[in-house]
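Source file: structure25.txt (compact mmCIF, C-alpha atoms)
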# COMPACT_ATOMS: atom_id res chain seq x y z
CA MET N 1 4.02 -29.23 55.69
CA LYS N 2 3.83 -28.31 59.38
CA ALA N 3 4.44 -30.29 62.56
CA LEU N 4 3.27 -29.25 66.01
CA PHE N 5 5.14 -30.60 69.04
CA VAL N 6 2.95 -30.33 72.14
CA SER N 7 5.02 -30.72 75.29
CA CYS N 8 3.23 -32.08 78.34
CA THR N 9 6.12 -31.65 80.75
CA LEU N 10 5.24 -30.49 84.26
CA LYS N 11 8.12 -27.99 84.18
CA LYS N 12 7.44 -24.37 83.32
CA SER N 13 9.76 -22.52 80.96
CA PRO N 14 12.66 -21.94 80.98
CA GLU N 15 13.34 -25.07 83.08
CA PRO N 16 14.87 -27.75 80.82
CA SER N 17 12.73 -30.75 79.90
CA ASN N 18 14.24 -34.20 79.38
CA THR N 19 11.41 -35.24 77.08
CA GLU N 20 11.77 -32.12 74.97
CA ALA N 21 15.48 -32.88 74.62
CA LEU N 22 14.63 -36.22 72.98
CA ALA N 23 11.80 -34.64 70.97
CA ARG N 24 14.34 -32.30 69.36
CA VAL N 25 15.85 -35.34 67.61
CA VAL N 26 12.50 -35.97 65.92
CA ALA N 27 11.97 -32.27 65.18
CA GLU N 28 15.38 -31.95 63.52
CA ALA N 29 14.75 -35.04 61.39
CA LEU N 30 11.43 -33.57 60.24
CA GLN N 31 13.07 -30.22 59.48
CA ASP N 32 15.64 -32.08 57.37
CA ARG N 33 12.65 -33.21 55.27
CA GLY N 34 11.43 -29.64 54.79
CA VAL N 35 8.78 -29.69 57.53
CA THR N 36 8.15 -26.47 59.49
CA VAL N 37 8.20 -27.28 63.21
CA GLU N 38 6.53 -25.43 66.08
CA HIS N 39 6.76 -26.23 69.79
CA VAL N 40 4.16 -25.52 72.48
CA ARG N 41 4.71 -26.20 76.19
CA LEU N 42 1.20 -26.51 77.62
CA VAL N 43 2.12 -25.81 81.25
CA ASP N 44 3.10 -22.27 80.20
CA HIS N 45 -0.51 -21.57 79.18
CA ALA N 46 -3.82 -21.20 81.01
CA ILE N 47 -5.64 -24.36 79.97
CA PRO N 48 -8.46 -25.28 82.37
CA PRO N 49 -10.04 -28.74 82.40
CA GLY N 50 -12.92 -29.40 80.05
CA VAL N 51 -14.07 -31.21 76.91
CA VAL N 52 -14.97 -28.26 74.68
CA THR N 53 -12.73 -26.19 72.42
CA ASP N 54 -13.39 -22.82 74.05
CA LEU N 55 -14.23 -22.34 77.72
CA GLY N 56 -14.38 -18.58 77.38
CA GLU N 57 -12.42 -15.74 78.95
CA GLY N 58 -8.91 -16.69 80.06
CA ASP N 59 -8.89 -20.05 78.25
CA GLU N 60 -5.77 -20.32 76.06
CA TRP N 61 -6.64 -23.72 74.56
CA PRO N 62 -8.31 -22.18 71.45
CA GLN N 63 -4.90 -20.91 70.31
CA VAL N 64 -3.46 -24.41 70.64
CA HIS N 65 -6.50 -25.85 68.86
CA GLU N 66 -5.86 -23.47 65.96
CA LYS N 67 -2.26 -24.70 65.75
CA LEU N 68 -3.49 -28.31 65.69
CA LEU N 69 -5.74 -27.55 62.73
CA ASP N 70 -2.86 -25.78 60.97
CA SER N 71 -0.54 -28.83 61.24
CA GLU N 72 -0.45 -32.08 59.31
CA ILE N 73 1.75 -33.74 61.95
CA LEU N 74 1.22 -33.81 65.73
CA VAL N 75 3.86 -35.05 68.15
CA VAL N 76 2.79 -35.45 71.77
CA VAL N 77 5.74 -35.12 74.15
CA THR N 78 5.26 -36.42 77.69
CA PRO N 79 7.21 -37.72 80.66
CA THR N 80 6.22 -40.91 82.47
CA TRP N 81 4.98 -40.51 86.04
CA VAL N 82 4.05 -43.64 88.06
CA GLY N 83 3.90 -45.49 84.75
CA ARG N 84 1.36 -43.14 83.18
CA PRO N 85 1.24 -40.03 80.95
CA SER N 86 1.58 -36.71 82.75
CA SER N 87 -1.56 -34.98 84.02
CA ILE N 88 -0.92 -32.29 81.41
CA ALA N 89 -1.10 -34.93 78.64
CA GLN N 90 -4.41 -36.18 80.02
CA ARG N 91 -5.78 -32.63 80.03
CA MET N 92 -4.67 -32.17 76.43
CA ILE N 93 -6.53 -35.32 75.36
CA GLU N 94 -9.63 -34.19 77.23
CA ARG N 95 -9.61 -30.82 75.49
CA MET N 96 -9.02 -32.51 72.12
CA ASP N 97 -12.14 -34.63 72.70
CA ALA N 98 -14.19 -31.79 71.19
CA MET N 99 -12.46 -32.41 67.85
CA ILE N 100 -14.36 -35.69 67.46
CA SER N 101 -17.51 -33.75 66.59
CA GLU N 102 -15.80 -30.95 64.61
CA THR N 103 -15.90 -31.35 60.83
CA THR N 104 -14.67 -29.66 57.68
CA ASP N 105 -17.09 -28.19 55.14
CA ASP N 106 -17.57 -31.60 53.49
CA GLY N 107 -18.41 -33.28 56.80
CA THR N 108 -15.04 -34.97 57.34
CA PRO N 109 -13.78 -34.96 60.96
CA VAL N 110 -11.09 -32.30 61.33
CA ALA N 111 -8.42 -34.73 62.57
CA TYR N 112 -8.72 -36.99 59.52
CA SER N 113 -5.74 -37.03 57.13
CA ARG N 114 -3.45 -35.84 59.94
CA VAL N 115 -0.81 -38.05 61.54
CA ALA N 116 0.49 -38.24 65.10
CA GLY N 117 3.27 -39.76 67.15
CA VAL N 118 4.51 -39.85 70.74
CA VAL N 119 7.81 -39.11 72.52
CA VAL N 120 8.20 -40.37 76.11
CA THR N 121 10.96 -40.23 78.72
CA GLY N 122 11.22 -41.16 82.38
CA ASN N 123 13.72 -42.76 84.75
CA GLU N 124 11.17 -45.56 85.24
CA ASP N 125 9.46 -48.02 82.94
CA GLY N 126 5.98 -47.56 81.49
CA ALA N 127 6.81 -45.95 78.15
CA HIS N 128 4.94 -48.52 76.05
CA HIS N 129 1.86 -48.09 78.21
CA VAL N 130 2.03 -44.30 77.80
CA ILE N 131 2.50 -44.61 74.03
CA SER N 132 -0.49 -46.97 73.82
CA GLU N 133 -2.76 -44.71 75.89
CA ILE N 134 -1.99 -41.57 73.92
CA SER N 135 -1.99 -43.27 70.51
CA GLY N 136 -5.32 -44.94 71.24
CA ALA N 137 -6.87 -41.63 72.27
CA LEU N 138 -5.59 -39.88 69.16
CA VAL N 139 -7.04 -42.63 66.95
CA ASP N 140 -10.42 -42.05 68.63
CA ILE N 141 -10.12 -38.35 67.80
CA GLY N 142 -9.39 -39.19 64.16
CA TYR N 143 -5.62 -39.06 63.75
CA THR N 144 -3.72 -41.65 61.74
CA ILE N 145 -0.91 -43.32 63.71
CA PRO N 146 1.80 -44.61 61.34
CA GLY N 147 3.78 -47.72 62.17
CA GLN N 148 6.62 -47.05 64.62
CA SER N 149 5.72 -43.40 65.12
CA TRP N 150 7.18 -43.17 68.61
CA THR N 151 10.43 -43.08 70.49
CA TYR N 152 11.20 -43.26 74.18
CA TRP N 153 13.94 -43.42 76.77
CA ASN N 154 14.05 -44.74 80.31
CA GLN N 155 16.79 -45.63 82.72
CA GLY N 156 15.43 -49.05 83.60
CA PRO N 157 14.20 -50.49 86.89
CA GLY N 158 14.21 -48.21 89.90
CA PRO N 159 15.17 -44.56 90.27
CA GLY N 160 18.18 -43.16 88.44
CA PRO N 161 19.48 -40.27 86.36
CA ASP N 162 17.30 -38.43 83.83
CA TYR N 163 17.75 -38.44 80.05
CA VAL N 164 20.01 -35.39 79.95
CA GLN N 165 22.15 -36.69 82.83
CA THR N 166 23.36 -39.84 81.09
CA GLY N 167 24.29 -41.21 77.68
CA HIS N 168 22.66 -44.56 78.48
CA GLY N 169 20.35 -45.65 75.66
CA HIS N 170 20.66 -42.40 73.71
CA GLU N 171 21.83 -44.00 70.46
CA TRP N 172 18.78 -46.28 70.33
CA ALA N 173 16.36 -43.49 71.29
CA ARG N 174 17.87 -41.19 68.64
CA SER N 175 17.78 -43.74 65.82
CA THR N 176 14.21 -44.70 66.75
CA GLY N 177 13.27 -41.01 66.77
CA GLN N 178 14.77 -40.51 63.32
CA LEU N 179 12.77 -43.48 62.00
CA MET N 180 9.68 -42.04 63.70
CA ALA N 181 10.17 -38.77 61.79
CA HIS N 182 10.61 -40.67 58.52
CA ASN N 183 7.39 -42.60 59.01
CA LEU N 184 5.36 -39.58 60.13
CA HIS N 185 6.52 -37.60 57.10
CA ALA N 186 5.92 -40.48 54.65
CA VAL N 187 2.35 -41.11 55.80
CA ALA N 188 1.54 -37.38 56.09
CA THR N 189 2.78 -36.92 52.51
CA ALA N 190 0.61 -39.82 51.29
CA LEU N 191 -2.46 -38.41 53.05
CA ALA N 192 -1.79 -34.95 51.65
CA GLU N 193 -1.85 -36.45 48.16
CA ARG N 194 -4.91 -38.63 48.86
CA PRO N 195 -6.81 -37.38 51.92
CA VAL N 196 -9.51 -39.43 53.58
CA PRO N 197 -12.65 -38.70 51.50
CA PRO N 198 -15.99 -37.80 53.07
CA GLN N 199 -18.18 -40.77 53.86
CA GLY N 200 -20.43 -41.52 50.90

Any chance you could give the structure as structure tokens?
Amino acid sequence: MKALFVSCTLKKSPEPSNTEALARVVAEALQDRGVTVEHVRLVDHAIPPGVVTDLGEGDEWPQVHEKLLDSEILVVVTPTWVGRPSSIAQRMIERMDAMISETTDDGTPVAYSRVAGVVVTGNEDGAHHVISEISGALVDIGYTIPGQSWTYWNQGPGPGPDYVQTGHGHEWARSTGQLMAHNLHAVATALAERPVPPQG
């Protein structure tokens, strides 16, 4: 089983990402269950805006799309900015829109029988809103969202230190991330054994 972690941080590599630091908790818990994990930081790639899978020369989204189709588990990793997902996360969802009309040989949408979850950090509130926006979009695309398939961290009201600058709330965020991994793996395993059948 494979899991793809798509980071929507605004920071280019090798700059550290707070959200990726929390996502590693989920990745390690999945690896403990025998899942192969791959990470992609979208800002490091040339991904122009659009709603099709391949925009032609210079577009690096098709490589990410291939990784999505090669993974049973998707984890979207995004910071919170002004209470919303990052612009990179929005672009990812827009490019994934094309998957709604893509099907397997038996006519089943390509995202069916795949699961997804969300990791969010920010030194402001808005995490539940971000989780809801991304989860709702992924359901539209065809992903299954297991119960409690998210974790987040924020400092609380007003500006403050980032995730890696404080230990505040880390124990809760870690334990929630470990439960997230458990639920993603359990539902992905069930769907692997009994995938969504083609519509009769």

To one decimal in Å, tell me the separation between atom CA of Val35 of chain N and atom CA of Ala3 of chain N. 6.7 Å

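Of the residues under consideration (N:Leu74, N:Leu179, N:Leu30, N:Leu138), N:Leu138 shows the shortest atom-to-atom contact distance to Ile93 of chain N when counting only C-alpha atoms.
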
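Excluding Arg91 of chain N and any residue on its chain fewer than 2 positions from it, the residues at most 9 Å away by only C-alpha atoms are Ile47, Pro48, Pro49, Gly50, Val51, Ser86, Ser87, Ile88, Ala89, Ile93, Glu94, Arg95 and Met96 of chain N.
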
Compile the contact shell of segment 121-129 of chain N as a ChimeraX atom specification: residues with an atom at most 12 Å away, counting only C-alpha atoms, same-chain residues fewer than 4 positions apart removed. /N:7-9,17-23,76-86,133-136,148,150-166,168-170,173

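The shortest atom-to-atom distance to Ser101 of chain N, with only C-alpha atoms taken into account, belongs to N:Gly142 out of N:Gly117, N:Gly147, N:Gly34, N:Gly142.
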
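Of the residues listed (N:Leu10, N:Val75, N:Val25, N:Leu69), N:Leu69 shows the shortest atom-to-atom separation from Met99 of chain N; distances use only C-alpha atoms.
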
Please measure the separation of atom CA of Val40 of chain N and atom CA of Val6 of chain N, giving the value in Å to one decimal. 5.0 Å

Which polymer residues have any atom within 8 Å of an atom of Leu184 of chain N, counting all atoms listed in the file, with same-chain residues fewer than 5 positions away left out, as a PyMOL selection string? chain N and resi 73+115-117+146+149

Residue with the minimum atom-to-atom distance to Ser113 of chain N, picked from N:Ala27, N:Ile141, N:Val64, N:Val52 with all atoms listed in the file counted, is N:Ile141

Taking the point (-4.1, -42.1, 56.4) as given in the file, collect each protein or nucleic acid residue that comes within 12 Å of it, counting all atoms listed in the file, and present the set as a ChimeraX atom specification. /N:72-73,111-116,139,142-147,183-197

Could those residues be written to a file, using C-alpha atoms, as an mmCIF file, in the coordinates of the input?
data_model
loop_
_atom_site.group_PDB
_atom_site.id
_atom_site.type_symbol
_atom_site.label_atom_id
_atom_site.label_comp_id
_atom_site.auth_asym_id
_atom_site.auth_seq_id
_atom_site.Cartn_x
_atom_site.Cartn_y
_atom_site.Cartn_z
ATOM 1 C CA GLU N 72 -0.450 -32.080 59.310
ATOM 2 C CA ILE N 73 1.750 -33.740 61.950
ATOM 3 C CA ALA N 111 -8.420 -34.730 62.570
ATOM 4 C CA TYR N 112 -8.720 -36.990 59.520
ATOM 5 C CA SER N 113 -5.740 -37.030 57.130
ATOM 6 C CA ARG N 114 -3.450 -35.840 59.940
ATOM 7 C CA VAL N 115 -0.810 -38.050 61.540
ATOM 8 C CA ALA N 116 0.490 -38.240 65.100
ATOM 9 C CA VAL N 139 -7.040 -42.630 66.950
ATOM 10 C CA GLY N 142 -9.390 -39.190 64.160
ATOM 11 C CA TYR N 143 -5.620 -39.060 63.750
ATOM 12 C CA THR N 144 -3.720 -41.650 61.740
ATOM 13 C CA ILE N 145 -0.910 -43.320 63.710
ATOM 14 C CA PRO N 146 1.800 -44.610 61.340
ATOM 15 C CA GLY N 147 3.780 -47.720 62.170
ATOM 16 C CA ASN N 183 7.390 -42.600 59.010
ATOM 17 C CA LEU N 184 5.360 -39.580 60.130
ATOM 18 C CA HIS N 185 6.520 -37.600 57.100
ATOM 19 C CA ALA N 186 5.920 -40.480 54.650
ATOM 20 C CA VAL N 187 2.350 -41.110 55.800
ATOM 21 C CA ALA N 188 1.540 -37.380 56.090
ATOM 22 C CA THR N 189 2.780 -36.920 52.510
ATOM 23 C CA ALA N 190 0.610 -39.820 51.290
ATOM 24 C CA LEU N 191 -2.460 -38.410 53.050
ATOM 25 C CA ALA N 192 -1.790 -34.950 51.650
ATOM 26 C CA GLU N 193 -1.850 -36.450 48.160
ATOM 27 C CA ARG N 194 -4.910 -38.630 48.860
ATOM 28 C CA PRO N 195 -6.810 -37.380 51.920
ATOM 29 C CA VAL N 196 -9.510 -39.430 53.580
ATOM 30 C CA PRO N 197 -12.650 -38.700 51.500
#

Between atom CA of Glu66 of chain N and atom CA of Glu102 of chain N, distance in Å (one decimal): 12.5 Å

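Distances here use only C-alpha atoms; by that measure, the residue among N:Ala181, N:Met92, N:Val130, N:Ala98 closest to Val37 of chain N is N:Ala181.
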
Kindly complete segment 111-131 of chain N to N, CA, C and O atoms; the output should be written as a PDB file, in the frame of the given file.
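Final file, part_5.pdb:
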ATOM      1  N   ALA N 111      -9.700 -34.053  62.323  1.00  0.00           N
ATOM      2  CA  ALA N 111      -8.420 -34.730  62.570  1.00  0.00           C
ATOM      3  C   ALA N 111      -8.061 -35.726  61.469  1.00  0.00           C
ATOM      4  O   ALA N 111      -6.924 -36.205  61.417  1.00  0.00           O
ATOM      5  N   TYR N 112      -9.003 -36.040  60.598  1.00  0.00           N
ATOM      6  CA  TYR N 112      -8.720 -36.990  59.520  1.00  0.00           C
ATOM      7  C   TYR N 112      -7.630 -36.433  58.599  1.00  0.00           C
ATOM      8  O   TYR N 112      -7.510 -35.224  58.415  1.00  0.00           O
ATOM      9  N   SER N 113      -6.845 -37.350  58.049  1.00  0.00           N
ATOM     10  CA  SER N 113      -5.740 -37.030  57.130  1.00  0.00           C
ATOM     11  C   SER N 113      -4.599 -36.304  57.826  1.00  0.00           C
ATOM     12  O   SER N 113      -3.736 -35.727  57.171  1.00  0.00           O
ATOM     13  N   ARG N 114      -4.582 -36.344  59.156  1.00  0.00           N
ATOM     14  CA  ARG N 114      -3.450 -35.840  59.940  1.00  0.00           C
ATOM     15  C   ARG N 114      -2.816 -37.035  60.651  1.00  0.00           C
ATOM     16  O   ARG N 114      -3.504 -37.994  61.000  1.00  0.00           O
ATOM     17  N   VAL N 115      -1.514 -36.948  60.885  1.00  0.00           N
ATOM     18  CA  VAL N 115      -0.810 -38.050  61.540  1.00  0.00           C
ATOM     19  C   VAL N 115      -0.289 -37.591  62.891  1.00  0.00           C
ATOM     20  O   VAL N 115      -0.144 -36.391  63.156  1.00  0.00           O
ATOM     21  N   ALA N 116       0.001 -38.569  63.758  1.00  0.00           N
ATOM     22  CA  ALA N 116       0.490 -38.240  65.100  1.00  0.00           C
ATOM     23  C   ALA N 116       1.449 -39.295  65.594  1.00  0.00           C
ATOM     24  O   ALA N 116       1.392 -40.464  65.191  1.00  0.00           O
ATOM     25  N   GLY N 117       2.333 -38.866  66.499  1.00  0.00           N
ATOM     26  CA  GLY N 117       3.270 -39.760  67.150  1.00  0.00           C
ATOM     27  C   GLY N 117       3.520 -39.311  68.571  1.00  0.00           C
ATOM     28  O   GLY N 117       3.010 -38.263  69.000  1.00  0.00           O
ATOM     29  N   VAL N 118       4.327 -40.080  69.305  1.00  0.00           N
ATOM     30  CA  VAL N 118       4.510 -39.850  70.740  1.00  0.00           C
ATOM     31  C   VAL N 118       5.987 -39.974  71.106  1.00  0.00           C
ATOM     32  O   VAL N 118       6.679 -40.891  70.637  1.00  0.00           O
ATOM     33  N   VAL N 119       6.457 -39.056  71.954  1.00  0.00           N
ATOM     34  CA  VAL N 119       7.810 -39.110  72.520  1.00  0.00           C
ATOM     35  C   VAL N 119       7.657 -39.177  74.044  1.00  0.00           C
ATOM     36  O   VAL N 119       6.934 -38.369  74.628  1.00  0.00           O
ATOM     37  N   VAL N 120       8.338 -40.144  74.671  1.00  0.00           N
ATOM     38  CA  VAL N 120       8.200 -40.370  76.110  1.00  0.00           C
ATOM     39  C   VAL N 120       9.572 -40.534  76.746  1.00  0.00           C
ATOM     40  O   VAL N 120      10.445 -41.209  76.187  1.00  0.00           O
ATOM     41  N   THR N 121       9.781 -39.918  77.911  1.00  0.00           N
ATOM     42  CA  THR N 121      10.960 -40.230  78.720  1.00  0.00           C
ATOM     43  C   THR N 121      10.554 -40.361  80.181  1.00  0.00           C
ATOM     44  O   THR N 121       9.509 -39.877  80.601  1.00  0.00           O
ATOM     45  N   GLY N 122      11.419 -41.015  80.944  1.00  0.00           N
ATOM     46  CA  GLY N 122      11.220 -41.160  82.380  1.00  0.00           C
ATOM     47  C   GLY N 122      12.295 -42.068  82.928  1.00  0.00           C
ATOM     48  O   GLY N 122      12.770 -42.955  82.220  1.00  0.00           O
ATOM     49  N   ASN N 123      12.692 -41.862  84.200  1.00  0.00           N
ATOM     50  CA  ASN N 123      13.720 -42.760  84.750  1.00  0.00           C
ATOM     51  C   ASN N 123      13.083 -43.988  85.362  1.00  0.00           C
ATOM     52  O   ASN N 123      13.623 -44.624  86.251  1.00  0.00           O
ATOM     53  N   GLU N 124      11.890 -44.355  84.848  1.00  0.00           N
ATOM     54  CA  GLU N 124      11.170 -45.560  85.240  1.00  0.00           C
ATOM     55  C   GLU N 124      10.548 -46.153  83.985  1.00  0.00           C
ATOM     56  O   GLU N 124      10.468 -45.502  82.958  1.00  0.00           O
ATOM     57  N   ASP N 125      10.092 -47.381  84.079  1.00  0.00           N
ATOM     58  CA  ASP N 125       9.460 -48.020  82.940  1.00  0.00           C
ATOM     59  C   ASP N 125       8.022 -47.516  82.782  1.00  0.00           C
ATOM     60  O   ASP N 125       7.537 -46.756  83.596  1.00  0.00           O
ATOM     61  N   GLY N 126       7.355 -47.967  81.736  1.00  0.00           N
ATOM     62  CA  GLY N 126       5.980 -47.560  81.490  1.00  0.00           C
ATOM     63  C   GLY N 126       5.802 -46.854  80.170  1.00  0.00           C
ATOM     64  O   GLY N 126       4.701 -46.439  79.825  1.00  0.00           O
ATOM     65  N   ALA N 127       6.889 -46.715  79.398  1.00  0.00           N
ATOM     66  CA  ALA N 127       6.810 -45.950  78.150  1.00  0.00           C
ATOM     67  C   ALA N 127       5.836 -46.573  77.160  1.00  0.00           C
ATOM     68  O   ALA N 127       5.055 -45.854  76.525  1.00  0.00           O
ATOM     69  N   HIS N 128       5.850 -47.891  77.006  1.00  0.00           N
ATOM     70  CA  HIS N 128       4.940 -48.520  76.050  1.00  0.00           C
ATOM     71  C   HIS N 128       3.486 -48.315  76.441  1.00  0.00           C
ATOM     72  O   HIS N 128       2.612 -48.129  75.588  1.00  0.00           O
ATOM     73  N   HIS N 129       3.224 -48.346  77.741  1.00  0.00           N
ATOM     74  CA  HIS N 129       1.860 -48.090  78.210  1.00  0.00           C
ATOM     75  C   HIS N 129       1.440 -46.664  77.867  1.00  0.00           C
ATOM     76  O   HIS N 129       0.316 -46.439  77.392  1.00  0.00           O
ATOM     77  N   VAL N 130       2.325 -45.703  78.096  1.00  0.00           N
ATOM     78  CA  VAL N 130       2.030 -44.300  77.800  1.00  0.00           C
ATOM     79  C   VAL N 130       1.799 -44.113  76.303  1.00  0.00           C
ATOM     80  O   VAL N 130       0.845 -43.448  75.882  1.00  0.00           O
ATOM     81  N   ILE N 131       2.655 -44.703  75.482  1.00  0.00           N
ATOM     82  CA  ILE N 131       2.500 -44.610  74.030  1.00  0.00           C
ATOM     83  C   ILE N 131       1.153 -45.188  73.597  1.00  0.00           C
ATOM     84  O   ILE N 131       0.443 -44.593  72.783  1.00  0.00           O
TER      85      ILE N 131
END
